[in-house]
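For reference, data-v5.tsv (TSV, C-alpha atoms):
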```tsv
chain	number	residue	atom	x	y	z
U	927	MET	CA	178.35	-62.23	184.76
U	928	ALA	CA	177.97	-59.79	187.63
U	929	GLU	CA	180.17	-61.96	189.84
U	930	THR	CA	182.87	-62.04	187.17
U	931	GLN	CA	182.83	-58.25	186.91
U	932	ASP	CA	182.98	-57.91	190.69
U	933	GLN	CA	185.92	-60.31	190.81
U	934	LYS	CA	187.75	-58.34	188.12
U	935	LYS	CA	187.07	-55.10	189.96
U	936	HIS	CA	188.27	-56.57	193.24
U	937	LEU	CA	191.41	-57.94	191.54
U	938	ALA	CA	192.15	-54.55	189.98
U	939	GLN	CA	191.75	-52.84	193.36
U	940	SER	CA	194.04	-55.40	195.01
U	941	LYS	CA	196.70	-54.82	192.34
U	942	SER	CA	196.44	-51.04	192.78
U	943	ILE	CA	196.83	-51.34	196.56
U	944	GLY	CA	199.79	-53.67	196.11
U	945	ARG	CA	201.51	-51.26	193.73
U	946	CYS	CA	200.94	-48.39	196.14
U	947	ILE	CA	202.53	-50.41	198.96
U	948	VAL	CA	205.53	-51.22	196.75
U	949	SER	CA	205.86	-47.53	195.85
U	950	CYS	CA	205.72	-46.53	199.53
U	951	ILE	CA	208.49	-49.00	200.43
U	952	PHE	CA	210.55	-47.84	197.45
U	953	VAL	CA	210.25	-44.20	198.55
U	954	PHE	CA	211.50	-44.98	202.07
U	955	LEU	CA	214.41	-47.03	200.71
U	956	THR	CA	215.31	-44.24	198.27
U	957	GLN	CA	215.31	-41.53	200.93
U	958	LEU	CA	217.25	-43.69	203.38
U	959	SER	CA	219.84	-44.53	200.74
U	960	LEU	CA	220.31	-40.82	200.02
U	961	SER	CA	220.90	-40.19	203.72
U	962	LEU	CA	224.05	-42.33	203.41
U	963	VAL	CA	225.74	-39.55	201.44
U	964	PRO	CA	225.92	-37.01	204.31
U	965	ARG	CA	226.52	-39.91	206.71
U	966	PHE	CA	229.75	-41.09	205.06
U	967	PHE	CA	230.79	-37.97	203.12
U	968	SER	CA	230.06	-35.26	205.65
U	969	ALA	CA	233.60	-33.91	205.24
U	970	SER	CA	233.12	-33.45	201.48
U	971	SER	CA	231.93	-30.23	199.93
U	972	PHE	CA	228.23	-29.64	199.32
U	973	LEU	CA	228.67	-29.84	195.53
U	974	THR	CA	230.43	-33.18	195.92
U	975	GLN	CA	227.57	-34.49	198.03
U	976	LEU	CA	225.11	-33.19	195.43
U	977	ALA	CA	226.91	-35.04	192.62
U	978	LEU	CA	227.12	-38.23	194.69
U	979	SER	CA	223.41	-37.96	195.51
U	980	ALA	CA	222.54	-37.64	191.82
U	981	LEU	CA	224.66	-40.68	190.98
U	982	LEU	CA	223.24	-42.71	193.86
U	983	LEU	CA	219.69	-41.73	192.93
U	984	LEU	CA	220.17	-42.83	189.33
U	985	LEU	CA	221.79	-46.10	190.37
U	986	PHE	CA	219.18	-46.87	192.99
U	987	LEU	CA	216.20	-46.09	190.78
U	988	GLY	CA	217.68	-47.90	187.79
U	989	PHE	CA	219.09	-50.99	189.50
U	990	GLY	CA	216.36	-51.08	192.13
U	991	GLY	CA	213.68	-50.86	189.47
U	992	TRP	CA	215.33	-53.67	187.53
U	993	CYS	CA	215.49	-55.90	190.62
U	994	ARG	CA	211.89	-55.09	191.46
U	995	ARG	CA	210.64	-55.99	187.99
U	996	ARG	CA	212.97	-58.88	187.11
U	997	LEU	CA	213.80	-60.58	190.38
U	998	LEU	CA	210.90	-59.76	192.69
U	999	GLN	CA	208.44	-59.45	189.76
U	1000	VAL	CA	206.41	-56.73	191.44
U	1001	ARG	CA	205.20	-53.49	189.93
U	1002	ALA	CA	204.97	-50.05	191.46
U	1003	SER	CA	202.74	-47.06	190.79
U	1004	ALA	CA	204.49	-43.94	189.50
U	1005	PRO	CA	201.80	-41.53	190.77
U	1006	ALA	CA	201.94	-43.25	194.18
U	1007	PHE	CA	205.74	-42.86	194.14
U	1008	VAL	CA	205.32	-39.11	193.58
U	1009	PHE	CA	202.64	-38.87	196.27
U	1010	PHE	CA	204.65	-40.76	198.90
U	1011	ASN	CA	207.71	-38.62	198.18
U	1012	ILE	CA	205.59	-35.54	198.87
U	1013	LEU	CA	204.26	-37.22	202.01
U	1014	PHE	CA	207.74	-38.21	203.18
U	1015	ILE	CA	209.14	-34.70	202.75
U	1016	TRP	CA	206.15	-33.15	204.49
U	1017	GLY	CA	206.24	-35.71	207.33
U	1018	PHE	CA	209.95	-35.10	207.90
U	1019	TYR	CA	209.35	-31.36	207.76
U	1020	VAL	CA	206.63	-31.55	210.44
U	1021	SER	CA	208.63	-33.82	212.74
U	1022	VAL	CA	212.09	-32.22	212.42
U	1023	ILE	CA	212.39	-29.06	210.30
U	1024	ARG	CA	209.28	-27.21	211.45
U	1025	GLN	CA	210.61	-26.34	214.89
U	1026	ALA	CA	213.13	-23.88	213.41
U	1027	VAL	CA	210.85	-22.30	210.78
U	1028	PRO	CA	209.04	-18.96	211.22
U	1029	LEU	CA	205.25	-19.06	211.26
U	1030	LEU	CA	204.81	-17.36	207.87
U	1031	ASN	CA	207.16	-19.74	206.06
U	1032	ASP	CA	205.49	-22.66	207.78
U	1033	ALA	CA	202.05	-21.55	206.59
U	1034	VAL	CA	203.28	-20.99	203.03
U	1035	PHE	CA	204.97	-24.38	202.76
U	1036	SER	CA	202.04	-26.26	204.31
U	1037	GLY	CA	199.63	-24.53	201.93
U	1038	GLU	CA	201.80	-25.45	198.95
U	1039	VAL	CA	201.88	-29.10	200.00
U	1040	VAL	CA	198.07	-29.13	200.19
U	1041	PHE	CA	197.99	-27.52	196.72
U	1042	LEU	CA	200.28	-30.25	195.36
U	1043	VAL	CA	198.10	-33.05	196.73
U	1044	ILE	CA	194.95	-31.46	195.29
U	1045	GLY	CA	196.69	-30.80	191.96
U	1046	LEU	CA	198.01	-34.35	191.79
U	1047	TYR	CA	194.52	-35.74	192.36
U	1048	SER	CA	193.06	-33.35	189.79
U	1049	ILE	CA	195.49	-34.30	187.03
U	1050	LEU	CA	195.14	-38.03	187.73
U	1051	THR	CA	191.36	-37.79	187.35
U	1052	SER	CA	191.40	-35.36	184.41
U	1053	ASP	CA	190.55	-36.13	180.81
U	1054	PRO	CA	193.52	-35.20	178.61
U	1055	GLY	CA	191.25	-34.94	175.56
U	1056	ILE	CA	190.50	-38.51	174.52
U	1057	VAL	CA	188.87	-38.70	171.11
U	1058	THR	CA	186.63	-41.66	170.28
U	1059	ASN	CA	184.65	-42.70	167.22
U	1060	GLY	CA	181.86	-40.27	166.57
U	1061	SER	CA	183.33	-37.69	168.93
U	1062	ALA	CA	182.43	-34.13	168.19
U	1063	SER	CA	185.85	-32.98	169.25
U	1064	SER	CA	187.28	-33.51	165.79
U	1065	ASP	CA	186.08	-32.50	162.36
U	1066	GLN	CA	185.58	-36.10	161.27
U	1067	PRO	CA	184.97	-39.38	163.11
U	1068	LEU	CA	187.91	-41.71	163.48
U	1069	ASN	CA	188.20	-44.34	160.80
U	1070	SER	CA	189.93	-46.88	163.04
U	1071	SER	CA	189.35	-47.93	166.61
U	1072	VAL	CA	192.05	-48.30	169.21
U	1073	SER	CA	191.77	-52.08	169.09
U	1074	GLN	CA	192.53	-51.97	165.37
U	1075	VAL	CA	195.65	-49.96	166.08
U	1076	ASP	CA	196.90	-52.58	168.53
U	1077	ASN	CA	196.74	-55.27	165.82
U	1078	HIS	CA	199.26	-53.47	163.64
U	1079	ASP	CA	203.00	-53.39	164.10
U	1080	GLU	CA	203.23	-49.76	163.04
U	1081	GLU	CA	201.34	-46.92	164.56
U	1082	LEU	CA	198.25	-45.82	162.68
U	1083	GLU	CA	198.40	-42.08	162.33
U	1084	LEU	CA	195.24	-40.01	162.43
U	1085	PRO	CA	195.06	-37.43	159.63
U	1086	CYS	CA	195.35	-33.89	160.87
U	1087	HIS	CA	192.26	-31.77	160.27
U	1088	GLU	CA	193.77	-28.44	161.16
U	1089	SER	CA	195.32	-25.84	158.92
U	1090	THR	CA	197.51	-22.87	159.58
U	1091	GLU	CA	194.42	-20.71	159.25
U	1092	GLY	CA	192.23	-22.92	161.41
U	1093	SER	CA	191.87	-23.41	165.12
U	1094	GLY	CA	195.49	-24.46	165.72
U	1095	LEU	CA	195.93	-26.78	168.66
U	1096	GLY	CA	192.21	-27.39	168.99
U	1097	THR	CA	192.08	-30.26	166.49
U	1098	ARG	CA	195.57	-31.77	166.54
U	1099	VAL	CA	194.91	-35.40	167.40
U	1100	ARG	CA	197.75	-37.85	168.06
U	1101	TYR	CA	197.87	-41.48	169.14
U	1102	CYS	CA	199.40	-42.54	172.47
U	1103	ARG	CA	200.67	-46.10	172.65
U	1104	SER	CA	200.79	-46.09	176.45
U	1105	CYS	CA	197.15	-45.10	176.86
U	1106	LYS	CA	196.10	-46.83	173.61
U	1107	ALA	CA	193.95	-43.85	172.73
U	1108	TYR	CA	193.79	-40.84	170.44
U	1109	ILE	CA	194.47	-37.63	172.36
U	1110	LYS	CA	193.57	-34.16	171.17
U	1111	GLY	CA	196.55	-31.82	171.44
U	1112	LEU	CA	198.81	-34.58	172.81
U	1113	ASP	CA	201.98	-33.19	174.36
U	1114	HIS	CA	203.44	-36.33	175.92
U	1115	HIS	CA	202.61	-39.30	178.10
U	1116	CYS	CA	203.85	-38.34	181.55
U	1117	PRO	CA	205.48	-41.35	183.26
U	1118	ALA	CA	205.43	-39.64	186.65
U	1119	PHE	CA	201.64	-39.27	186.59
U	1120	GLY	CA	200.91	-42.28	184.38
U	1121	LYS	CA	198.71	-39.97	182.34
U	1122	CYS	CA	198.64	-38.36	178.93
U	1123	ILE	CA	199.07	-34.60	178.85
U	1124	GLY	CA	196.76	-33.25	176.18
U	1125	GLN	CA	194.73	-30.20	175.31
U	1126	ASN	CA	192.28	-30.55	178.21
U	1127	ASN	CA	194.85	-30.90	181.02
U	1128	HIS	CA	197.95	-29.18	179.61
U	1129	LEU	CA	197.28	-25.96	181.54
U	1130	LEU	CA	196.71	-27.96	184.74
U	1131	PHE	CA	199.99	-29.79	184.11
U	1132	LEU	CA	201.90	-26.51	183.78
U	1133	ILE	CA	200.28	-25.10	186.93
U	1134	LEU	CA	201.17	-28.28	188.82
U	1135	LEU	CA	204.74	-28.13	187.52
U	1136	PHE	CA	205.08	-24.55	188.76
U	1137	GLY	CA	203.56	-25.74	192.05
U	1138	PHE	CA	206.26	-28.37	192.45
U	1139	ILE	CA	209.00	-25.81	191.80
U	1140	SER	CA	207.47	-23.32	194.24
U	1141	THR	CA	207.00	-25.96	196.96
U	1142	GLU	CA	210.54	-27.26	196.60
U	1143	ALA	CA	211.94	-23.73	196.75
U	1144	SER	CA	209.91	-23.13	199.93
U	1145	TYR	CA	211.25	-26.33	201.46
U	1146	LEU	CA	214.81	-25.22	200.76
U	1147	VAL	CA	214.11	-21.92	202.51
U	1148	CYS	CA	212.61	-23.74	205.51
U	1149	ALA	CA	215.46	-26.26	205.61
U	1150	SER	CA	217.97	-23.39	205.55
U	1151	PHE	CA	216.45	-22.09	208.80
U	1152	PHE	CA	216.92	-25.51	210.36
U	1153	ALA	CA	220.47	-25.81	209.01
U	1154	ALA	CA	221.38	-22.39	210.40
U	1155	LYS	CA	219.94	-23.23	213.81
U	1156	SER	CA	221.39	-26.73	214.11
U	1157	GLY	CA	224.67	-26.03	212.29
U	1158	ILE	CA	224.53	-29.32	210.36
U	1159	LEU	CA	226.47	-27.82	207.46
U	1160	ASP	CA	229.14	-26.21	209.64
U	1161	ARG	CA	230.45	-29.17	211.66
U	1162	PRO	CA	231.51	-31.89	209.20
U	1163	SER	CA	233.91	-33.47	211.66
U	1164	MET	CA	231.16	-34.52	214.07
U	1165	GLU	CA	229.10	-37.65	213.52
U	1166	PRO	CA	225.58	-36.51	212.54
U	1167	THR	CA	222.39	-38.13	213.73
U	1168	LEU	CA	219.85	-39.82	211.43
U	1169	SER	CA	217.56	-36.78	211.48
U	1170	GLU	CA	220.46	-34.50	210.56
U	1171	ASN	CA	221.48	-36.87	207.74
U	1172	LEU	CA	217.92	-36.84	206.44
U	1173	ALA	CA	217.80	-33.06	206.68
U	1174	VAL	CA	220.85	-32.78	204.43
U	1175	SER	CA	219.74	-35.57	202.09
U	1176	THR	CA	216.28	-34.08	201.60
U	1177	ILE	CA	217.92	-30.74	200.76
U	1178	LEU	CA	220.09	-32.51	198.17
U	1179	PHE	CA	217.08	-34.41	196.83
U	1180	THR	CA	215.03	-31.22	196.53
U	1181	ILE	CA	217.81	-29.39	194.67
U	1182	LEU	CA	218.09	-32.28	192.19
U	1183	GLN	CA	214.34	-32.15	191.62
U	1184	LEU	CA	214.47	-28.40	191.08
U	1185	VAL	CA	217.23	-28.65	188.48
U	1186	TRP	CA	215.40	-30.93	186.05
U	1187	GLN	CA	211.98	-29.38	186.71
U	1188	VAL	CA	213.20	-25.87	185.93
U	1189	VAL	CA	214.71	-27.13	182.66
U	1190	PHE	CA	211.46	-28.98	181.96
U	1191	VAL	CA	209.27	-25.94	182.53
U	1192	ILE	CA	211.54	-23.78	180.32
U	1193	TRP	CA	211.09	-26.35	177.56
U	1194	HIS	CA	207.31	-26.25	177.90
U	1195	ILE	CA	207.28	-22.45	177.87
U	1196	TYR	CA	209.29	-22.56	174.65
U	1197	CYS	CA	206.80	-25.05	173.15
U	1198	VAL	CA	203.89	-22.79	174.06
U	1199	CYS	CA	205.65	-19.79	172.49
U	1200	VAL	CA	206.26	-21.53	169.15
U	1201	ASN	CA	202.93	-23.41	169.23
U	1202	ILE	CA	204.26	-26.97	169.14
U	1203	ARG	CA	203.95	-30.00	171.39
U	1204	THR	CA	206.67	-32.29	172.72
U	1205	ASP	CA	205.40	-35.31	170.77
U	1206	GLU	CA	205.37	-33.29	167.57
U	1207	TRP	CA	208.91	-32.04	168.14
U	1208	ILE	CA	210.31	-35.50	168.86
U	1209	ASN	CA	208.33	-37.40	166.22
U	1210	TRP	CA	208.10	-34.68	163.56
U	1211	LYS	CA	209.31	-37.09	160.88
U	1212	LYS	CA	206.07	-39.06	161.25
U	1213	TYR	CA	203.88	-36.02	160.58
U	1214	PRO	CA	203.94	-34.76	156.95
U	1215	GLU	CA	202.71	-31.31	157.97
U	1216	PHE	CA	206.12	-30.72	159.62
U	1217	HIS	CA	208.09	-31.59	156.48
U	1218	LEU	CA	209.80	-28.91	154.44
U	1219	VAL	CA	211.17	-30.42	151.24
U	1220	VAL	CA	214.36	-28.71	150.09
U	1221	GLN	CA	215.22	-29.36	146.48
U	1222	PRO	CA	218.55	-31.15	145.97
U	1223	GLN	CA	221.59	-29.05	145.26
U	1224	PRO	CA	223.97	-29.87	142.40
U	1225	GLY	CA	225.71	-33.11	143.25
U	1226	GLN	CA	222.91	-34.38	145.53
U	1227	SER	CA	220.70	-37.29	144.50
U	1228	PHE	CA	217.77	-36.79	146.85
U	1229	PRO	CA	216.00	-33.76	148.31
U	1230	ASN	CA	216.42	-32.91	151.98
U	1231	ILE	CA	213.46	-32.97	154.34
U	1232	ARG	CA	213.71	-30.47	157.15
U	1233	PHE	CA	211.56	-29.44	160.06
U	1234	ARG	CA	209.04	-26.62	159.83
U	1235	ASN	CA	206.23	-25.53	162.12
U	1236	PRO	CA	203.01	-25.07	160.15
U	1237	TYR	CA	201.03	-23.97	163.23
U	1238	ASP	CA	203.08	-20.92	164.10
U	1239	LYS	CA	201.17	-17.82	163.02
U	1240	GLY	CA	202.49	-14.28	163.49
U	1241	PHE	CA	205.19	-15.17	166.04
U	1242	LEU	CA	207.62	-16.25	163.32
U	1243	GLN	CA	206.85	-14.88	159.86
U	1244	ASN	CA	209.46	-16.90	157.97
U	1245	VAL	CA	209.00	-20.05	160.00
U	1246	GLU	CA	210.13	-22.46	157.30
U	1247	GLU	CA	213.55	-20.86	157.17
U	1248	PHE	CA	213.85	-20.12	160.88
U	1249	LEU	CA	212.89	-23.62	162.06
U	1250	ALA	CA	214.83	-25.64	159.47
U	1251	LEU	CA	216.72	-27.15	162.37
U	1252	ARG	CA	217.32	-30.77	161.57
U	1253	ALA	CA	218.18	-32.63	158.37
U	1254	TRP	CA	216.52	-35.95	157.54
```
Hey, can you dump this file as structure tokens for me?
Amino acid sequence: MAETQDQKKHLAQSKSIGRCIVSCIFVFLTQLSLSLVPRFFSASSFLTQLALSALLLLLFLGFGGWCRRRLLQVRASAPAFVFFNILFIWGFYVSVIRQAVPLLNDAVFSGEVVFLVIGLYSILTSDPGIVTNGSASSDQPLNSSVSQVDNHDEELELPCHESTEGSGLGTRVRYCRSCKAYIKGLDHHCPAFGKCIGQNNHLLFLILLFGFISTEASYLVCASFFAAKSGILDRPSMEPTLSENLAVSTILFTILQLVWQVVFVIWHIYCVCVNIRTDEWINWKKYPEFHLVVQPQPGQSFPNIRFRNPYDKGFLQNVEEFLALRAW
């Protein structure tokens, strides 16, 4: 029995190492493919190169991921992909960009990279708020185990124990199909980290998200020093070197990351303000506590069911009317 467990553990470790290697290779191929944009479109405007980089990134990640899964039949690790992207940017910064960066900016950027690595490790090892049978984290023990949920075609919903006068987010338990577990205060399952974001690690997730934005902004500042010194953005007619192509492509890549991450953090700030989670906003039709039944008007056969936020206290007094956003 012990040998079987050791073999399973060794097999799991081998698979994890293999996925990390695949992710590392995929990161290098992604960054090198992006460097083709300034290589062949150096005469184009910066906005044109940014649009082409976004299109190439989507095509490469989509088609490359399909080839990796369908043709090569290998799997990658999303957290390792994030980590190796951080490592690639930092390695390129140290070897090329750093020579043109003032000491203060260099110290700030290096410190932020260290913060990202520590934050990434912390969120990967954190407990999002998993609730098990007999757990004291909810008012009542769960009536069904996770294995029972897997045997049903439809998701088994856990009854909500909170009320608008209760503890709010503290007892909102939702089921995550990816993790196959009940999560207290579930916001979403983050594909980039391969981890649920729940009540216990939601604050850490927001801090890490702000850390990514701050680090990427610092890299753009540092890269601007290098661009001003080398003149890579001012001489489109000359054939750039590989390091200069990578300097431009990493700037484009960083800007693209900033765009969606800023939108993402604005969304999460909004959710915090109105006391709702992403999963609840997307799947509100599955949760009866978010239903506001509007009686049918003359000529209508059935009542309308609209969205309301029962957890919002004080911030919006007439929340049923204010958040009647979507019809059934």
For atom CA of Ser1156 of chain U and atom CA of Gly1137 of chain U, the interatomic separation in Å (one decimal):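 If I compute the distance from atom CA of Ser1156 of chain U to atom CA of Gly1137 of chain U, I get 28.4 Å.
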Shortest interatomic distance to Phe1179 of chain U - which of U:Ala1033, U:Val1220, U:Ile1158, U:Leu960, counting all atoms listed in the file: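 Smallest distance to Phe1179 of chain U is found for U:Leu960.
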From U:Leu1132, U:Ala1173, U:Ile1056, U:Val1198, residue lying nearest Phe1014 of chain U [only C-alpha atoms]: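 Of all the options, U:Ala1173 lies closest to Phe1014 of chain U.
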Nearest to Leu958 of chain U, chosen from U:Ser1169, U:Ser971, U:Gly1017, U:Ile1192, with all atoms listed in the file counted in the distances: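 Closest residue, counting all atoms listed in the file: U:Ser1169.
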Tell me, as a CSV table (one decimal) with C-alpha atoms, in the coordinates of the input, which residues lie within 12 Å of Ser1036 of chain U, counting all atoms listed in the file; anything in the same chain fewer than 4 positions away does not count.
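Resulting contents of around-v5.csv:
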```csv
chain,number,residue,atom,x,y,z
U,1012,ILE,CA,205.6,-35.5,198.9
U,1013,LEU,CA,204.3,-37.2,202.0
U,1015,ILE,CA,209.1,-34.7,202.8
U,1016,TRP,CA,206.2,-33.2,204.5
U,1017,GLY,CA,206.2,-35.7,207.3
U,1019,TYR,CA,209.4,-31.4,207.8
U,1020,VAL,CA,206.6,-31.6,210.4
U,1024,ARG,CA,209.3,-27.2,211.4
U,1027,VAL,CA,210.8,-22.3,210.8
U,1029,LEU,CA,205.2,-19.1,211.3
U,1030,LEU,CA,204.8,-17.4,207.9
U,1031,ASN,CA,207.2,-19.7,206.1
U,1032,ASP,CA,205.5,-22.7,207.8
U,1040,VAL,CA,198.1,-29.1,200.2
U,1041,PHE,CA,198.0,-27.5,196.7
U,1042,LEU,CA,200.3,-30.2,195.4
U,1043,VAL,CA,198.1,-33.0,196.7
U,1140,SER,CA,207.5,-23.3,194.2
U,1141,THR,CA,207.0,-26.0,197.0
U,1142,GLU,CA,210.5,-27.3,196.6
U,1144,SER,CA,209.9,-23.1,199.9
U,1145,TYR,CA,211.2,-26.3,201.5
U,1148,CYS,CA,212.6,-23.7,205.5
```
Selection: 10 Å around Ile1202 of chain U, only C-alpha atoms, excl. self and same-chain fewer than 3 positions, as a list in words: Gly1094, Leu1095, Gly1111, Asp1113, His1194, Tyr1196, Cys1197, Val1198, Cys1199, Asp1205, Glu1206, Trp1207, Asn1235, Pro1236, Tyr1237 and Asp1238 of chain U
Distance query Cys1102 of chain U at most 9 Å, only C-alpha atoms, self and fewer than 3 positions along chain excluded, as a list of chain:residue names: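 Here the answer would be U:Cys1105, U:Lys1106, U:Ala1107, U:Tyr1108, U:Ile1109, U:Leu1112, U:His1114, U:His1115, U:Cys1122.
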Neighbour list for Leu1178 of chain U as a PyMOL selection string, cut-off 9 Å, all atoms listed in the file, skip fewer than 4 positions in-chain: chain U and resi 960+972+975-976+979-980+1173-1174+1182-1183
Among the residues U:Ile1231, U:Leu937, U:Leu1146, U:Ile1023, the one that comes closest to Leu1184 of chain U [using all atoms listed in the file]: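 That would be U:Leu1146, the residue with the smallest distance to Leu1184 of chain U.
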For Leu962 of chain U, the nearest of the candidates U:Asn1171, U:Asn1011, U:Ser942, U:Asn1230, counting only C-alpha atoms: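 Counting only C-alpha atoms, the residue closest to Leu962 of chain U is U:Asn1171.
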Nearby residues (only C-alpha atoms) at most 9 Å from segment 1047-1052 of chain U, same-chain spacing under 4 positions excluded, as a PyMOL selection string: chain U and resi 1005+1042-1043+1119-1121+1123+1126-1127+1130-1131+1134
Distance of atom CA of Lys1155 of chain U from atom CA of Arg965 of chain U, expressed in Å to one decimal place: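 Straight-line distance from atom CA of Arg965 of chain U to atom CA of Lys1155 of chain U works out to 19.3 Å.
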Between atom CA of Pro1166 of chain U and atom CA of Val1022 of chain U, distance in Å (one decimal):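 Those two atoms sit 14.2 Å apart.
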Distance criterion (only C-alpha atoms): nearest to Val1039 of chain U out of U:Leu1218, U:Phe1138, U:Leu1172, U:Cys946: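 Going through U:Leu1218, U:Phe1138, U:Leu1172, U:Cys946 one by one, the smallest distance to Val1039 of chain U is for U:Phe1138.
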